[in-house]
$ cat run11.txt   # compact mmCIF, N, CA and C atoms and all ligand atoms
# COMPACT_ATOMS: atom_id res chain seq x y z
N MET O 78 -43.94 18.89 18.09
CA MET O 78 -43.18 18.29 16.99
C MET O 78 -43.15 19.19 15.77
N ILE O 79 -41.98 19.41 15.25
CA ILE O 79 -41.85 20.28 14.07
C ILE O 79 -41.92 19.43 12.82
N LYS O 80 -42.75 19.84 11.93
CA LYS O 80 -42.89 19.10 10.68
C LYS O 80 -42.04 19.73 9.59
N LEU O 81 -41.23 18.93 8.97
CA LEU O 81 -40.38 19.44 7.90
C LEU O 81 -40.77 18.80 6.59
N ASP O 82 -40.78 19.59 5.55
CA ASP O 82 -41.05 18.94 4.28
C ASP O 82 -39.77 18.33 3.71
N TYR O 83 -39.96 17.54 2.70
CA TYR O 83 -38.86 16.78 2.11
C TYR O 83 -37.70 17.67 1.66
N GLU O 84 -38.05 18.76 0.97
CA GLU O 84 -37.05 19.70 0.48
C GLU O 84 -36.18 20.25 1.61
N GLU O 85 -36.85 20.60 2.64
CA GLU O 85 -36.17 21.18 3.79
C GLU O 85 -35.23 20.17 4.44
N LEU O 86 -35.69 18.95 4.49
CA LEU O 86 -34.87 17.86 5.05
C LEU O 86 -33.59 17.67 4.24
N LEU O 87 -33.77 17.68 2.93
CA LEU O 87 -32.63 17.52 2.05
C LEU O 87 -31.61 18.62 2.25
N GLU O 88 -32.14 19.82 2.36
CA GLU O 88 -31.29 20.98 2.52
C GLU O 88 -30.47 20.86 3.82
N ARG O 89 -31.14 20.43 4.85
CA ARG O 89 -30.47 20.26 6.13
C ARG O 89 -29.35 19.22 6.02
N LEU O 90 -29.67 18.16 5.31
CA LEU O 90 -28.72 17.07 5.15
C LEU O 90 -27.48 17.56 4.42
N TYR O 91 -27.70 18.26 3.30
CA TYR O 91 -26.56 18.71 2.51
C TYR O 91 -25.72 19.75 3.24
N SER O 92 -26.37 20.56 4.04
CA SER O 92 -25.61 21.60 4.73
C SER O 92 -24.67 21.00 5.77
N ARG O 93 -24.97 19.77 6.17
CA ARG O 93 -24.09 19.13 7.15
C ARG O 93 -22.91 18.40 6.51
N LEU O 94 -23.01 18.16 5.21
CA LEU O 94 -21.91 17.47 4.55
C LEU O 94 -20.72 18.42 4.38
N PRO O 95 -19.52 17.90 4.61
CA PRO O 95 -18.36 18.78 4.42
C PRO O 95 -18.24 19.17 2.95
N SER O 96 -17.82 20.38 2.69
CA SER O 96 -17.75 20.85 1.31
C SER O 96 -16.71 20.08 0.52
N LYS O 97 -15.61 19.73 1.16
CA LYS O 97 -14.58 18.98 0.46
C LYS O 97 -14.77 17.50 0.79
N ARG O 98 -14.66 16.68 -0.23
CA ARG O 98 -14.84 15.25 -0.01
C ARG O 98 -13.78 14.72 0.94
N VAL O 99 -14.23 14.01 1.93
CA VAL O 99 -13.28 13.47 2.89
C VAL O 99 -12.59 12.26 2.29
N GLU O 100 -11.31 12.25 2.41
CA GLU O 100 -10.50 11.16 1.86
C GLU O 100 -10.77 9.85 2.59
N VAL O 101 -11.06 8.84 1.81
CA VAL O 101 -11.25 7.52 2.42
C VAL O 101 -9.89 6.83 2.47
N PRO O 102 -9.42 6.50 3.66
CA PRO O 102 -8.11 5.86 3.70
C PRO O 102 -8.15 4.47 3.10
N ILE O 103 -7.10 4.10 2.38
CA ILE O 103 -7.12 2.77 1.79
C ILE O 103 -6.74 1.74 2.85
N GLU O 104 -7.35 0.59 2.74
CA GLU O 104 -7.04 -0.45 3.71
C GLU O 104 -6.06 -1.43 3.12
N ILE O 105 -4.93 -1.51 3.75
CA ILE O 105 -3.89 -2.41 3.26
C ILE O 105 -3.93 -3.69 4.10
N PRO O 106 -4.31 -4.80 3.47
CA PRO O 106 -4.38 -6.04 4.24
C PRO O 106 -2.98 -6.56 4.55
N PRO O 107 -2.80 -7.23 5.68
CA PRO O 107 -1.48 -7.80 5.96
C PRO O 107 -1.18 -8.96 5.01
N LEU O 108 0.09 -9.23 4.83
CA LEU O 108 0.48 -10.34 3.95
C LEU O 108 0.13 -11.66 4.61
N GLU O 109 -0.48 -12.55 3.81
CA GLU O 109 -0.87 -13.87 4.32
C GLU O 109 0.16 -14.88 3.84
N VAL O 110 0.70 -15.64 4.76
CA VAL O 110 1.72 -16.60 4.33
C VAL O 110 1.28 -18.05 4.49
N GLU O 111 1.94 -18.87 3.71
CA GLU O 111 1.70 -20.31 3.75
C GLU O 111 3.08 -20.97 3.59
N PHE O 112 3.36 -21.94 4.43
CA PHE O 112 4.66 -22.58 4.33
C PHE O 112 4.58 -23.82 3.46
N ILE O 113 5.48 -23.89 2.50
CA ILE O 113 5.56 -25.08 1.66
C ILE O 113 6.99 -25.58 1.81
N SER O 114 7.14 -26.59 2.63
CA SER O 114 8.45 -27.11 3.07
C SER O 114 9.39 -25.97 3.46
N THR O 115 10.45 -25.74 2.70
CA THR O 115 11.41 -24.70 3.10
C THR O 115 11.08 -23.34 2.49
N HIS O 116 9.97 -23.29 1.78
CA HIS O 116 9.59 -22.03 1.14
C HIS O 116 8.43 -21.37 1.85
N THR O 117 8.31 -20.07 1.63
CA THR O 117 7.17 -19.33 2.17
C THR O 117 6.44 -18.70 1.00
N LYS O 118 5.16 -18.97 0.94
CA LYS O 118 4.39 -18.37 -0.14
C LYS O 118 3.52 -17.25 0.43
N VAL O 119 3.55 -16.11 -0.23
CA VAL O 119 2.66 -15.02 0.19
C VAL O 119 1.44 -15.11 -0.70
N LYS O 120 0.35 -15.57 -0.10
CA LYS O 120 -0.84 -15.91 -0.87
C LYS O 120 -1.58 -14.73 -1.47
N ASN O 121 -1.51 -13.59 -0.79
CA ASN O 121 -2.28 -12.44 -1.29
C ASN O 121 -1.36 -11.33 -1.81
N PHE O 122 -0.17 -11.72 -2.21
CA PHE O 122 0.83 -10.74 -2.63
C PHE O 122 0.37 -9.86 -3.80
N LYS O 123 -0.17 -10.51 -4.81
CA LYS O 123 -0.61 -9.77 -6.01
C LYS O 123 -1.68 -8.74 -5.62
N HIS O 124 -2.63 -9.20 -4.82
CA HIS O 124 -3.72 -8.33 -4.40
C HIS O 124 -3.21 -7.13 -3.59
N VAL O 125 -2.33 -7.41 -2.63
CA VAL O 125 -1.82 -6.34 -1.78
C VAL O 125 -1.04 -5.31 -2.61
N CYS O 126 -0.27 -5.80 -3.57
CA CYS O 126 0.50 -4.89 -4.43
C CYS O 126 -0.43 -4.02 -5.28
N GLU O 127 -1.56 -4.59 -5.66
CA GLU O 127 -2.55 -3.81 -6.42
C GLU O 127 -3.14 -2.72 -5.54
N VAL O 128 -3.41 -3.08 -4.28
CA VAL O 128 -3.99 -2.11 -3.34
C VAL O 128 -3.04 -0.92 -3.13
N ILE O 129 -1.76 -1.22 -2.98
CA ILE O 129 -0.81 -0.13 -2.74
C ILE O 129 -0.24 0.47 -4.04
N ASN O 130 -0.71 -0.09 -5.18
CA ASN O 130 -0.31 0.48 -6.46
C ASN O 130 1.21 0.44 -6.69
N ARG O 131 1.78 -0.71 -6.38
CA ARG O 131 3.22 -0.87 -6.58
C ARG O 131 3.51 -2.12 -7.42
N ASP O 132 4.58 -2.05 -8.18
CA ASP O 132 5.02 -3.17 -8.98
C ASP O 132 5.43 -4.31 -8.04
N PRO O 133 4.78 -5.49 -8.16
CA PRO O 133 5.11 -6.61 -7.26
C PRO O 133 6.60 -6.97 -7.28
N ARG O 134 7.24 -6.77 -8.43
CA ARG O 134 8.66 -7.12 -8.55
C ARG O 134 9.52 -6.25 -7.64
N ILE O 135 9.14 -4.98 -7.52
CA ILE O 135 9.88 -4.06 -6.65
C ILE O 135 9.67 -4.45 -5.19
N VAL O 136 8.42 -4.71 -4.83
CA VAL O 136 8.10 -5.07 -3.45
C VAL O 136 8.83 -6.35 -3.07
N LEU O 137 8.80 -7.33 -3.97
CA LEU O 137 9.46 -8.60 -3.69
C LEU O 137 10.98 -8.42 -3.56
N ARG O 138 11.56 -7.66 -4.48
CA ARG O 138 13.00 -7.45 -4.42
C ARG O 138 13.41 -6.78 -3.11
N TYR O 139 12.59 -5.83 -2.67
CA TYR O 139 12.88 -5.15 -1.40
C TYR O 139 12.84 -6.15 -0.23
N LEU O 140 11.79 -6.96 -0.21
CA LEU O 140 11.63 -7.94 0.88
C LEU O 140 12.78 -8.94 0.88
N LEU O 141 13.12 -9.44 -0.31
CA LEU O 141 14.18 -10.44 -0.41
C LEU O 141 15.52 -9.87 0.03
N LYS O 142 15.77 -8.64 -0.40
CA LYS O 142 17.03 -8.00 -0.04
C LYS O 142 17.11 -7.79 1.47
N SER O 143 15.98 -7.38 2.06
CA SER O 143 15.96 -7.14 3.50
C SER O 143 16.25 -8.40 4.31
N MET O 144 15.79 -9.53 3.80
CA MET O 144 15.99 -10.77 4.58
C MET O 144 17.11 -11.63 4.02
N GLY O 145 17.77 -11.16 2.97
CA GLY O 145 18.87 -11.91 2.38
C GLY O 145 18.44 -13.26 1.84
N ALA O 146 17.27 -13.28 1.23
CA ALA O 146 16.75 -14.54 0.71
C ALA O 146 16.58 -14.47 -0.80
N LYS O 147 16.32 -15.61 -1.38
CA LYS O 147 16.00 -15.66 -2.80
C LYS O 147 14.51 -15.94 -2.93
N GLY O 148 13.99 -15.63 -4.09
CA GLY O 148 12.57 -15.90 -4.28
C GLY O 148 12.13 -15.45 -5.66
N SER O 149 10.87 -15.66 -5.94
CA SER O 149 10.34 -15.27 -7.25
C SER O 149 8.83 -15.11 -7.18
N LEU O 150 8.27 -14.65 -8.28
CA LEU O 150 6.82 -14.56 -8.37
C LEU O 150 6.35 -15.81 -9.10
N ASP O 151 5.27 -16.41 -8.60
CA ASP O 151 4.76 -17.60 -9.28
C ASP O 151 3.82 -17.19 -10.42
N SER O 152 3.24 -18.18 -11.09
CA SER O 152 2.40 -17.87 -12.26
C SER O 152 1.16 -17.05 -11.91
N ASP O 153 0.76 -17.06 -10.63
CA ASP O 153 -0.39 -16.25 -10.21
C ASP O 153 0.03 -14.85 -9.79
N GLY O 154 1.32 -14.59 -9.82
CA GLY O 154 1.79 -13.27 -9.40
C GLY O 154 2.01 -13.15 -7.90
N ASN O 155 1.96 -14.29 -7.22
CA ASN O 155 2.20 -14.25 -5.78
C ASN O 155 3.66 -14.60 -5.47
N ALA O 156 4.13 -14.11 -4.34
CA ALA O 156 5.54 -14.26 -4.02
C ALA O 156 5.86 -15.60 -3.38
N VAL O 157 6.96 -16.18 -3.81
CA VAL O 157 7.48 -17.39 -3.18
C VAL O 157 8.88 -17.06 -2.71
N ILE O 158 9.09 -17.16 -1.40
CA ILE O 158 10.38 -16.83 -0.82
C ILE O 158 11.07 -18.13 -0.44
N HIS O 159 12.31 -18.27 -0.85
CA HIS O 159 13.02 -19.52 -0.60
C HIS O 159 13.63 -19.54 0.80
N GLN O 160 12.78 -19.39 1.75
CA GLN O 160 13.19 -19.36 3.15
C GLN O 160 11.89 -19.38 3.97
N ASN O 161 11.97 -19.87 5.19
CA ASN O 161 10.78 -19.80 6.04
C ASN O 161 10.84 -18.52 6.84
N ILE O 162 9.83 -17.73 6.68
CA ILE O 162 9.76 -16.47 7.44
C ILE O 162 8.36 -16.34 8.01
N SER O 163 8.27 -15.97 9.27
CA SER O 163 6.96 -15.90 9.91
C SER O 163 6.15 -14.74 9.36
N ARG O 164 4.86 -14.86 9.53
CA ARG O 164 3.93 -13.83 9.07
C ARG O 164 4.27 -12.50 9.74
N THR O 165 4.59 -12.56 11.03
CA THR O 165 4.90 -11.34 11.78
C THR O 165 6.16 -10.66 11.24
N SER O 166 7.23 -11.45 11.06
CA SER O 166 8.48 -10.87 10.56
C SER O 166 8.31 -10.30 9.17
N LEU O 167 7.60 -11.03 8.34
CA LEU O 167 7.40 -10.58 6.97
C LEU O 167 6.61 -9.27 6.94
N ASN O 168 5.59 -9.21 7.79
CA ASN O 168 4.78 -8.00 7.81
C ASN O 168 5.52 -6.80 8.38
N LYS O 169 6.49 -7.06 9.25
CA LYS O 169 7.31 -5.97 9.77
C LYS O 169 8.14 -5.36 8.63
N LEU O 170 8.70 -6.23 7.80
CA LEU O 170 9.49 -5.76 6.66
C LEU O 170 8.58 -5.02 5.67
N PHE O 171 7.40 -5.57 5.50
CA PHE O 171 6.45 -4.97 4.57
C PHE O 171 6.01 -3.58 5.07
N GLU O 172 5.81 -3.46 6.36
CA GLU O 172 5.44 -2.16 6.93
C GLU O 172 6.54 -1.13 6.72
N LYS O 173 7.76 -1.59 6.77
CA LYS O 173 8.91 -0.72 6.52
C LYS O 173 8.86 -0.22 5.08
N PHE O 174 8.52 -1.13 4.18
CA PHE O 174 8.40 -0.76 2.77
C PHE O 174 7.32 0.31 2.61
N LEU O 175 6.19 0.09 3.28
CA LEU O 175 5.08 1.04 3.19
C LEU O 175 5.51 2.42 3.68
N GLU O 176 6.25 2.41 4.78
CA GLU O 176 6.68 3.66 5.38
C GLU O 176 7.64 4.41 4.45
N LEU O 177 8.54 3.67 3.81
CA LEU O 177 9.55 4.30 2.97
C LEU O 177 9.07 4.62 1.56
N TYR O 178 8.25 3.74 1.01
CA TYR O 178 7.94 3.87 -0.42
C TYR O 178 6.46 4.01 -0.77
N VAL O 179 5.60 4.06 0.22
CA VAL O 179 4.18 4.22 -0.09
C VAL O 179 3.58 5.41 0.66
N ARG O 180 3.88 5.53 1.92
CA ARG O 180 3.27 6.58 2.74
C ARG O 180 3.83 7.95 2.36
N CYS O 181 2.91 8.91 2.18
CA CYS O 181 3.34 10.27 1.87
C CYS O 181 3.96 10.91 3.11
N PRO O 182 5.21 11.39 3.01
CA PRO O 182 5.86 11.98 4.19
C PRO O 182 5.23 13.30 4.61
N THR O 183 4.48 13.90 3.71
CA THR O 183 3.85 15.19 4.02
C THR O 183 2.51 15.05 4.74
N CYS O 184 1.61 14.23 4.17
CA CYS O 184 0.27 14.16 4.77
C CYS O 184 -0.08 12.79 5.33
N GLY O 185 0.78 11.78 5.07
CA GLY O 185 0.53 10.46 5.64
C GLY O 185 -0.41 9.59 4.84
N SER O 186 -0.83 10.06 3.66
CA SER O 186 -1.72 9.25 2.84
C SER O 186 -0.97 8.09 2.19
N TYR O 187 -1.69 6.99 1.95
CA TYR O 187 -1.09 5.85 1.26
C TYR O 187 -1.50 5.83 -0.21
N GLN O 188 -2.22 6.88 -0.62
CA GLN O 188 -2.62 6.96 -2.02
C GLN O 188 -1.54 7.73 -2.78
N THR O 189 -0.52 6.99 -3.14
CA THR O 189 0.63 7.61 -3.78
C THR O 189 1.06 6.77 -4.96
N GLU O 190 1.92 7.35 -5.78
CA GLU O 190 2.50 6.55 -6.84
C GLU O 190 4.01 6.73 -6.83
N LEU O 191 4.68 5.70 -7.29
CA LEU O 191 6.13 5.71 -7.30
C LEU O 191 6.58 5.60 -8.74
N ARG O 192 7.41 6.55 -9.17
CA ARG O 192 7.90 6.43 -10.55
C ARG O 192 9.36 6.83 -10.63
N LYS O 193 9.96 6.33 -11.66
CA LYS O 193 11.37 6.61 -11.85
C LYS O 193 11.50 7.87 -12.68
N GLY O 194 12.23 8.84 -12.16
CA GLY O 194 12.46 10.07 -12.89
C GLY O 194 13.96 10.25 -13.06
N GLY O 195 14.46 9.79 -14.20
CA GLY O 195 15.91 9.84 -14.42
C GLY O 195 16.61 8.88 -13.50
N LYS O 196 17.50 9.43 -12.68
CA LYS O 196 18.27 8.56 -11.79
C LYS O 196 17.61 8.37 -10.44
N VAL O 197 16.59 9.15 -10.18
CA VAL O 197 15.95 9.05 -8.87
C VAL O 197 14.54 8.48 -8.96
N TRP O 198 14.04 8.01 -7.83
CA TRP O 198 12.66 7.55 -7.76
C TRP O 198 11.87 8.62 -7.03
N VAL O 199 10.69 8.90 -7.58
CA VAL O 199 9.87 9.95 -7.00
C VAL O 199 8.56 9.37 -6.45
N LEU O 200 8.30 9.71 -5.20
CA LEU O 200 7.06 9.30 -4.55
C LEU O 200 6.10 10.48 -4.67
N LYS O 201 5.04 10.28 -5.42
CA LYS O 201 4.09 11.38 -5.61
C LYS O 201 2.78 11.06 -4.90
N CYS O 202 2.35 12.01 -4.10
CA CYS O 202 1.12 11.81 -3.34
C CYS O 202 -0.09 12.24 -4.16
N LEU O 203 -1.08 11.36 -4.24
CA LEU O 203 -2.28 11.66 -5.01
C LEU O 203 -3.28 12.44 -4.16
N ALA O 204 -3.03 12.49 -2.86
CA ALA O 204 -3.94 13.20 -1.97
C ALA O 204 -3.57 14.67 -1.84
N CYS O 205 -2.29 14.94 -1.55
CA CYS O 205 -1.90 16.34 -1.33
C CYS O 205 -1.00 16.89 -2.42
N GLY O 206 -0.55 16.02 -3.32
CA GLY O 206 0.26 16.47 -4.44
C GLY O 206 1.75 16.61 -4.17
N ALA O 207 2.16 16.34 -2.94
CA ALA O 207 3.57 16.48 -2.59
C ALA O 207 4.42 15.44 -3.31
N GLU O 208 5.64 15.81 -3.62
CA GLU O 208 6.56 14.87 -4.25
C GLU O 208 7.81 14.77 -3.40
N ALA O 209 8.32 13.56 -3.28
CA ALA O 209 9.54 13.36 -2.51
C ALA O 209 10.40 12.36 -3.25
N THR O 210 11.69 12.58 -3.24
CA THR O 210 12.57 11.59 -3.87
C THR O 210 12.90 10.52 -2.83
N VAL O 211 12.94 9.30 -3.29
CA VAL O 211 13.26 8.22 -2.38
C VAL O 211 14.44 7.42 -2.93
N LYS O 212 15.16 6.81 -2.00
CA LYS O 212 16.31 6.01 -2.38
C LYS O 212 15.89 4.56 -2.47
N PRO O 213 16.03 3.95 -3.63
CA PRO O 213 15.61 2.56 -3.74
C PRO O 213 16.53 1.61 -2.95
N ALA O 214 15.92 0.66 -2.28
CA ALA O 214 16.69 -0.36 -1.58
C ALA O 214 16.21 -1.73 -2.04
N TRP O 215 16.15 -1.89 -3.36
CA TRP O 215 15.74 -3.19 -3.89
C TRP O 215 16.63 -3.59 -5.04
ZN ZN R 301 0.39 13.71 0.77
$ encode --input "run11.txt" --output "C-alpha cells"
Amino acid sequence: MIKLDYEELLERLYSRLPSKRVEVPIEIPPLEVEFISTHTKVKNFKHVCEVINRDPRIVLRYLLKSMGAKGSLDSDGNAVIHQNISRTSLNKLFEKFLELYVRCPTCGSYQTELRKGGKVWVLKCLACGAEATVKPAW
C-alpha cells in the first residue's frame, strides 16, 4: 500500500480536473398545464421563462400565434390560453421555440440571450459567443 500525504492527494486531485470549466447544461423543465374549463393554464410558465432567460410575453405570443389562439398572462405571470391544448402539443410548440430562439445554432448551448438590434433580433450565445440573427414569429 502506498501512503500519500494530504498535499500529494490534493495535487493529484487538481491535476485531474479539466483546466477549462465544463459548462453545466441548463435544465429546461417541460410546461405544466392545468385545464380550467375551456382554458389552459401553464402553471410553471413564469419559472420556465426565467430559466431560458426570455420575456414571457414573447414566448406566449409565439405559442398563441402557432396555435391560432388567444391568451394572456395572469397576475402571477403564468400563461392562460383561451383554448384547450394538451401538455404534449404545447410542449412540442415550446420545443420549436427553444430550437429557433434559445438554442445556439453554433454550439447547441441554451445559455443564450435574445435582443433586438434595430430591425432584427439577435440571438447571442453566452457559451461560445456566436451571434445569429433570427426572424421573429410572434
Ligand atoms: Zn454557442
$ residues_near_ligand --input "run11.txt" --ligand "ligand ZN 301 (chain R)" --cutoff "6 Å" --atoms "only N, CA and C atoms and all ligand atoms" --output "JSON, numbers by chain"
{"O": [181, 182, 183, 184, 185, 186, 202, 203, 204, 205, 206, 207]}
$ atom_distance --input "run11.txt" --atom1 "atom N of Asn168 in chain O" --atom2 "CA of Leu108 in chain O"
6.5 Å
$ closest_residue --input "run11.txt" --among "O:Gly154, O:Leu170, O:Ile162, O:Ile129" --to "Glu190 in chain O" --atoms "only N, CA and C atoms"
O:Ile129
$ closest_residue --input "run11.txt" --among "O:Val136, O:Val157, O:Gln188, O:Trp215" --to "Lys120 in chain O" --atoms "all atoms listed in the file"
O:Val157
$ closest_residue --input "run11.txt" --among "O:Ile113, O:Ile105, O:Met144, O:Leu177" --to "Val125 in chain O" --atoms "all atoms listed in the file"
O:Ile105
$ decode --input "run11.txt" --residues "range 123-168 of chain O" --atoms "C-alpha atoms" --output "PDB file, in the first residue's frame"
ATOM      1  CA  LYS O 123     -43.015  32.260 -15.382  1.00  0.00           C
ATOM      2  CA  HIS O 124     -40.409  29.906 -13.965  1.00  0.00           C
ATOM      3  CA  VAL O 125     -39.617  28.278 -17.309  1.00  0.00           C
ATOM      4  CA  CYS O 126     -39.235  31.682 -18.972  1.00  0.00           C
ATOM      5  CA  GLU O 127     -36.807  32.685 -16.238  1.00  0.00           C
ATOM      6  CA  VAL O 128     -34.796  29.512 -16.821  1.00  0.00           C
ATOM      7  CA  ILE O 129     -34.489  30.202 -20.541  1.00  0.00           C
ATOM      8  CA  ASN O 130     -33.980  33.927 -19.963  1.00  0.00           C
ATOM      9  CA  ARG O 131     -36.773  35.029 -22.274  1.00  0.00           C
ATOM     10  CA  ASP O 132     -39.514  37.616 -21.949  1.00  0.00           C
ATOM     11  CA  PRO O 133     -42.705  35.639 -21.104  1.00  0.00           C
ATOM     12  CA  ARG O 134     -44.691  37.943 -23.404  1.00  0.00           C
ATOM     13  CA  ILE O 135     -42.601  36.898 -26.391  1.00  0.00           C
ATOM     14  CA  VAL O 136     -42.861  33.201 -25.558  1.00  0.00           C
ATOM     15  CA  LEU O 137     -46.608  33.476 -25.063  1.00  0.00           C
ATOM     16  CA  ARG O 138     -47.134  35.432 -28.273  1.00  0.00           C
ATOM     17  CA  TYR O 139     -45.175  32.813 -30.196  1.00  0.00           C
ATOM     18  CA  LEU O 140     -47.216  29.960 -28.711  1.00  0.00           C
ATOM     19  CA  LEU O 141     -50.529  31.718 -29.297  1.00  0.00           C
ATOM     20  CA  LYS O 142     -49.653  32.563 -32.867  1.00  0.00           C
ATOM     21  CA  SER O 143     -48.575  28.986 -33.558  1.00  0.00           C
ATOM     22  CA  MET O 144     -51.876  27.579 -32.353  1.00  0.00           C
ATOM     23  CA  GLY O 145     -54.083  30.448 -33.512  1.00  0.00           C
ATOM     24  CA  ALA O 146     -55.397  31.038 -30.030  1.00  0.00           C
ATOM     25  CA  LYS O 147     -55.886  33.971 -27.720  1.00  0.00           C
ATOM     26  CA  GLY O 148     -54.486  34.227 -24.263  1.00  0.00           C
ATOM     27  CA  SER O 149     -52.782  36.360 -21.673  1.00  0.00           C
ATOM     28  CA  LEU O 150     -50.505  36.357 -18.669  1.00  0.00           C
ATOM     29  CA  ASP O 151     -52.248  36.206 -15.317  1.00  0.00           C
ATOM     30  CA  SER O 152     -51.292  38.209 -12.224  1.00  0.00           C
ATOM     31  CA  ASP O 153     -48.692  35.565 -11.304  1.00  0.00           C
ATOM     32  CA  GLY O 154     -47.049  35.838 -14.702  1.00  0.00           C
ATOM     33  CA  ASN O 155     -48.287  32.462 -15.840  1.00  0.00           C
ATOM     34  CA  ALA O 156     -49.878  31.888 -19.212  1.00  0.00           C
ATOM     35  CA  VAL O 157     -53.585  31.376 -19.736  1.00  0.00           C
ATOM     36  CA  ILE O 158     -54.501  30.158 -23.206  1.00  0.00           C
ATOM     37  CA  HIS O 159     -58.102  30.504 -24.299  1.00  0.00           C
ATOM     38  CA  GLN O 160     -58.213  27.054 -25.782  1.00  0.00           C
ATOM     39  CA  ASN O 161     -57.668  23.511 -24.558  1.00  0.00           C
ATOM     40  CA  ILE O 162     -54.311  22.233 -25.641  1.00  0.00           C
ATOM     41  CA  SER O 163     -52.664  19.076 -24.393  1.00  0.00           C
ATOM     42  CA  ARG O 164     -49.416  19.110 -22.490  1.00  0.00           C
ATOM     43  CA  THR O 165     -47.767  17.160 -25.307  1.00  0.00           C
ATOM     44  CA  SER O 166     -48.885  19.511 -28.084  1.00  0.00           C
ATOM     45  CA  LEU O 167     -47.971  22.576 -26.095  1.00  0.00           C
ATOM     46  CA  ASN O 168     -44.530  21.221 -25.324  1.00  0.00           C
TER      47      ASN O 168
END
